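Written out below as C-alpha cells is the structure these notes cover.
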Amino acid sequence: MSIINSMEKYLEEKKVSTDIKEAFYLYERIRGLSLVDEIYEEIRLWIATVYKIHNIKIIISTKNSKDLIFHNGKQYDTKESLSLNFSIDIDNDSMILFSFLCENEGHYNDIYKKYMHINLLFYTITPLISKSFLEVRLKESNYKDNITGLFNRNYLMQHLDKMLPLARREQKKVGFLMIGIDHFKAVIDEFDYTIGDKVLVELAKTLQEATRESDIVVRLEADEFLVVLANIQDDESTIMVAQKLIERFSECEVDVNSYTGQTLKKTICIGISMYPDDSTSIDQILKNADISLYEARNKGRSQVLKFAKEQESSIDLF
C-alpha cells in the first residue's frame, strides 16, 4: 500500500474533517509538481472548489520589497473589508501573504469560521511555494540585471542567436542602439552610488516606456545600455527612435534629496549600428554600435551617430 493510500485510510479511520482531508490532497498534488504555474493553478482550483473563493493573491514580502507572485480574479486591496489575509513567516527576513477577497459578508463569515484550518494548510504548503519562487528568482537572475530589472548580456546573446537568422531569412532590418549616460562618473563622484543607481533605474524606465514591446532593452554594464529594434524600416527610422529616447530622458528628474527638493537631470548619447547592413556577426554589430557611441560622446552631450565604415580605422579606444 502506498504512503498516500495509507494516509487516506488513516484519515478515514480518524474521521478527520473534510477540510483537513482536502488540505492533505492539495499538499500531495503540489509536492509532486515542479513548474511554478502548475503549483499556483492547483492552489487556485483548490480554493475555488473547497471555499468558493475566486479572488486570490499570493505575495512574498521582504524587508525591502513586495513580490506579487500570483493573482487571480478581481483586483483588490488586501485591506478591503471583505478580504481575509493569512500571513506565514518564511524566515527572519521574509513572509508569504495569502489574501482572499470574499463575495459578500455571509461568505466572509463562513470562511472566517474556518480560519484556523486554512491557516494550518498554508503553513504546511508555504515551504513548497517559497522554494518554487526562489527557483524562479534564481533562473531570472541569470538573465536579469539586479539594479534595473532589465535583461542582461546573457539573455541578449541567447535571444540574438535566434532573432538575427530569422530577420535575415525574412529580409528585415534590426537596429542596435548603444546608449551611454553622459559623464556618469561625475554623478558618483559628486553624490554616491545610490544616486548613480537611481539614474540607471530612471534611464531603464524611460527606455522601456519609449520603445515597443517587440523591442529589447538590455543593460550591458556600468552606464551602457542597448536597445534592439526589431523589424525597423531603415536608418532614418532608427535615428528618429534614438532622438526620441534622448529627448525623453533629458526631461527626467532624479530625486537627489527629498527634503531639499534637489533633483538631477542627465543626458545620453547613442551609437547606432544596423543588421545586416553593417555586419551579420553579433560580436561585430555590437562592436560597431560601441564605436559609434564612443564617437558620439566625443562630439558632446545628447548626440546620435550612425556607424560608418571609416570609424573603424579612425577610432582610438586606448
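By order in the C-alpha cells, chains are A, B, ...; within a chain, residues start at 1; ligands start at 1, following the order shown.
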
Can you list, as a PyMOL selection string, all residues belonging to stretch 86-252 of chain A that DSSP tags as alpha helix (DSSP H)? chain A and resi 105-113+115-141+153-169+184-190+193-209+235-250

What's around A:Ser132 at 8 Å? Count only C-alpha atoms, leave out sequence neighbours fewer than 3 positions away in its own chain, and write the answer as a ChimeraX atom specification. /A:34-36,128-129,135-136

For the residues selected in the previous step, produce a file with N, CA and C atoms as a PDB file, in the first residue's frame.
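Output below, filename again_31.pdb:
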ATOM      1  N   SER A  34       6.740  20.441 -10.351  1.00  0.00           N
ATOM      2  CA  SER A  34       7.999  21.176 -10.442  1.00  0.00           C
ATOM      3  C   SER A  34       7.824  22.556 -11.056  1.00  0.00           C
ATOM      4  N   LEU A  35       6.757  22.752 -11.861  1.00  0.00           N
ATOM      5  CA  LEU A  35       6.531  24.039 -12.508  1.00  0.00           C
ATOM      6  C   LEU A  35       5.742  24.972 -11.597  1.00  0.00           C
ATOM      7  N   VAL A  36       6.199  26.205 -11.486  1.00  0.00           N
ATOM      8  CA  VAL A  36       5.563  27.179 -10.606  1.00  0.00           C
ATOM      9  C   VAL A  36       4.109  27.413 -10.993  1.00  0.00           C
ATOM     10  N   LEU A 128       6.848  24.800   0.107  1.00  0.00           N
ATOM     11  CA  LEU A 128       6.804  24.398  -1.296  1.00  0.00           C
ATOM     12  C   LEU A 128       6.695  25.619  -2.212  1.00  0.00           C
ATOM     13  N   ILE A 129       5.887  26.597  -1.806  1.00  0.00           N
ATOM     14  CA  ILE A 129       5.711  27.808  -2.611  1.00  0.00           C
ATOM     15  C   ILE A 129       6.982  28.656  -2.602  1.00  0.00           C
ATOM     16  N   GLU A 135      13.414  29.369  -6.873  1.00  0.00           N
ATOM     17  CA  GLU A 135      13.961  28.750  -8.078  1.00  0.00           C
ATOM     18  C   GLU A 135      13.743  29.631  -9.298  1.00  0.00           C
ATOM     19  N   VAL A 136      12.549  30.254  -9.368  1.00  0.00           N
ATOM     20  CA  VAL A 136      12.265  31.170 -10.471  1.00  0.00           C
ATOM     21  C   VAL A 136      13.179  32.386 -10.393  1.00  0.00           C
TER      22      VAL A 136
END

Would you write out, as CSV, a table of all residues in stretch 68-127 of chain A that have an atom no more than 7 Å from an atom of stretch 44-57 of chain A, listing for each the closest atom pair and the distance in Å to one decimal, considering only C-alpha atoms and ordering rows by chain and rising residue number?
residue,atom,partner,partner_atom,distance
A:Phe70,CA,A:Lys57,CA,5.6
A:His71,CA,A:Lys57,CA,4.5
A:Asn72,CA,A:Ile56,CA,5.4
A:Gly73,CA,A:Asn55,CA,4.4
A:Lys74,CA,A:Asn55,CA,5.7
A:Phe98,CA,A:Lys57,CA,5.9
A:Ser99,CA,A:Lys57,CA,5.1
A:Phe100,CA,A:Ile56,CA,4.6
A:Leu101,CA,A:Asn55,CA,5.3
A:Cys102,CA,A:Ile53,CA,6.4

Using only C-alpha atoms, pick whichever of A:Leu82, A:Leu264, A:Met178, A:Ile118 has the shortest atom-to-atom distance to A:Ser250.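 Comparing A:Leu82, A:Leu264, A:Met178, A:Ile118 against A:Ser250, the winner is A:Leu264.
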
When you count only C-alpha atoms, which of these residues is closest to A:Leu200: A:Ile216, A:Leu229, A:Met95, A:Ala222? A:Ala222

Residue neighbourhood A:Thr124, 12 Å, only C-alpha atoms, exclusion window fewer than 4 positions, as a list of chain:residue names: A:Ile20, A:Ala23, A:Phe24, A:Leu26, A:Tyr27, A:Glu28, A:Ile30, A:Arg31, A:Ile88, A:Asp89, A:Ile90, A:His117, A:Ile118, A:Asn119, A:Leu120, A:Leu128, A:Ile129, A:Ser130

For A:Asp192, which residue out of A:Leu293, A:Val256, A:Ser81, A:Gln171 is the nearest one, using only C-alpha atoms?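 The shortest atom-to-atom distance to A:Asp192 comes from A:Val256.
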
Fewer than 6 positions away in the same chain doesn't count, so skip those; otherwise give me all residues within 9 Å of stretch 148-157 of chain A, counting only C-alpha atoms, as a compact mmCIF listing (two decimals) with N, CA and C atoms, in the first residue's frame.
# COMPACT_ATOMS: atom_id res chain seq x y z
N ASN A 142 19.95 34.92 -13.73
CA ASN A 142 20.92 34.63 -14.77
C ASN A 142 20.70 35.48 -16.01
N ASP A 197 22.65 54.70 -9.00
CA ASP A 197 21.67 53.64 -9.30
C ASP A 197 20.32 54.23 -9.66
N LEU A 200 20.40 55.14 -13.23
CA LEU A 200 20.31 53.94 -14.06
C LEU A 200 18.87 53.43 -14.15
N VAL A 201 18.20 53.41 -13.02
CA VAL A 201 16.81 52.93 -12.97
C VAL A 201 15.90 53.85 -13.78
N GLU A 202 16.12 55.14 -13.68
CA GLU A 202 15.30 56.11 -14.42
C GLU A 202 15.51 55.95 -15.92
N LEU A 203 16.75 55.73 -16.33
CA LEU A 203 17.01 55.52 -17.76
C LEU A 203 16.36 54.22 -18.24
N ALA A 204 16.47 53.18 -17.44
CA ALA A 204 15.85 51.90 -17.80
C ALA A 204 14.35 52.06 -18.00
N LYS A 205 13.73 52.78 -17.09
CA LYS A 205 12.28 53.04 -17.18
C LYS A 205 11.94 53.81 -18.44
N GLN A 208 12.25 51.59 -21.61
CA GLN A 208 11.15 50.63 -21.72
C GLN A 208 9.85 51.30 -22.16
N ILE A 216 13.90 45.03 -27.53
CA ILE A 216 14.58 44.51 -26.35
C ILE A 216 15.42 45.61 -25.73
N VAL A 217 15.30 45.78 -24.43
CA VAL A 217 16.11 46.75 -23.70
C VAL A 217 17.02 45.99 -22.74
N VAL A 218 18.32 46.26 -22.84
CA VAL A 218 19.32 45.49 -22.10
C VAL A 218 20.27 46.44 -21.39
N ARG A 219 20.63 46.10 -20.15
CA ARG A 219 21.75 46.81 -19.53
C ARG A 219 22.97 45.93 -19.70
N LEU A 220 23.98 46.45 -20.40
CA LEU A 220 25.18 45.67 -20.69
C LEU A 220 26.16 45.70 -19.53
N GLU A 221 26.54 46.91 -19.10
CA GLU A 221 27.48 47.06 -17.98
C GLU A 221 27.55 48.54 -17.61
N ILE A 282 27.16 38.94 -34.69
CA ILE A 282 26.66 39.55 -33.46
C ILE A 282 27.76 40.36 -32.79

Who sits within 6 Å of stretch 274-279 of chain A, only C-alpha atoms, same chain under 6 positions skipped, as an mmCIF file with C-alpha atoms, in the first residue's frame:
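The resulting result-v8.cif:
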data_model
loop_
_atom_site.group_PDB
_atom_site.id
_atom_site.type_symbol
_atom_site.label_atom_id
_atom_site.label_comp_id
_atom_site.auth_asym_id
_atom_site.auth_seq_id
_atom_site.Cartn_x
_atom_site.Cartn_y
_atom_site.Cartn_z
ATOM 1 C CA LYS A 173 16.478 45.097 -40.671
ATOM 2 C CA VAL A 174 17.343 45.231 -36.978
ATOM 3 C CA GLY A 175 18.576 48.426 -35.319
ATOM 4 C CA ILE A 285 27.424 44.512 -34.798
#

Picked from stretch 75-223 of chain A by DSSP as strand (DSSP E or B), as a VMD selection string: chain A and resid 83 to 89 94 to 101 144 151 173 to 181 216 to 221

How far is it from atom CA of A:Asp189 to atom CA of A:Lys265, in Å with one decimal?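 It comes out at 15.5 Å.
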
Atom-to-atom span, atom CA of A:Arg301 and atom CA of A:Gly261, Å: 25.2 Å

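Taking atom CA of A:Asn257 as the reference point, atom CA of A:Ser302 is found at 25.3 Å.
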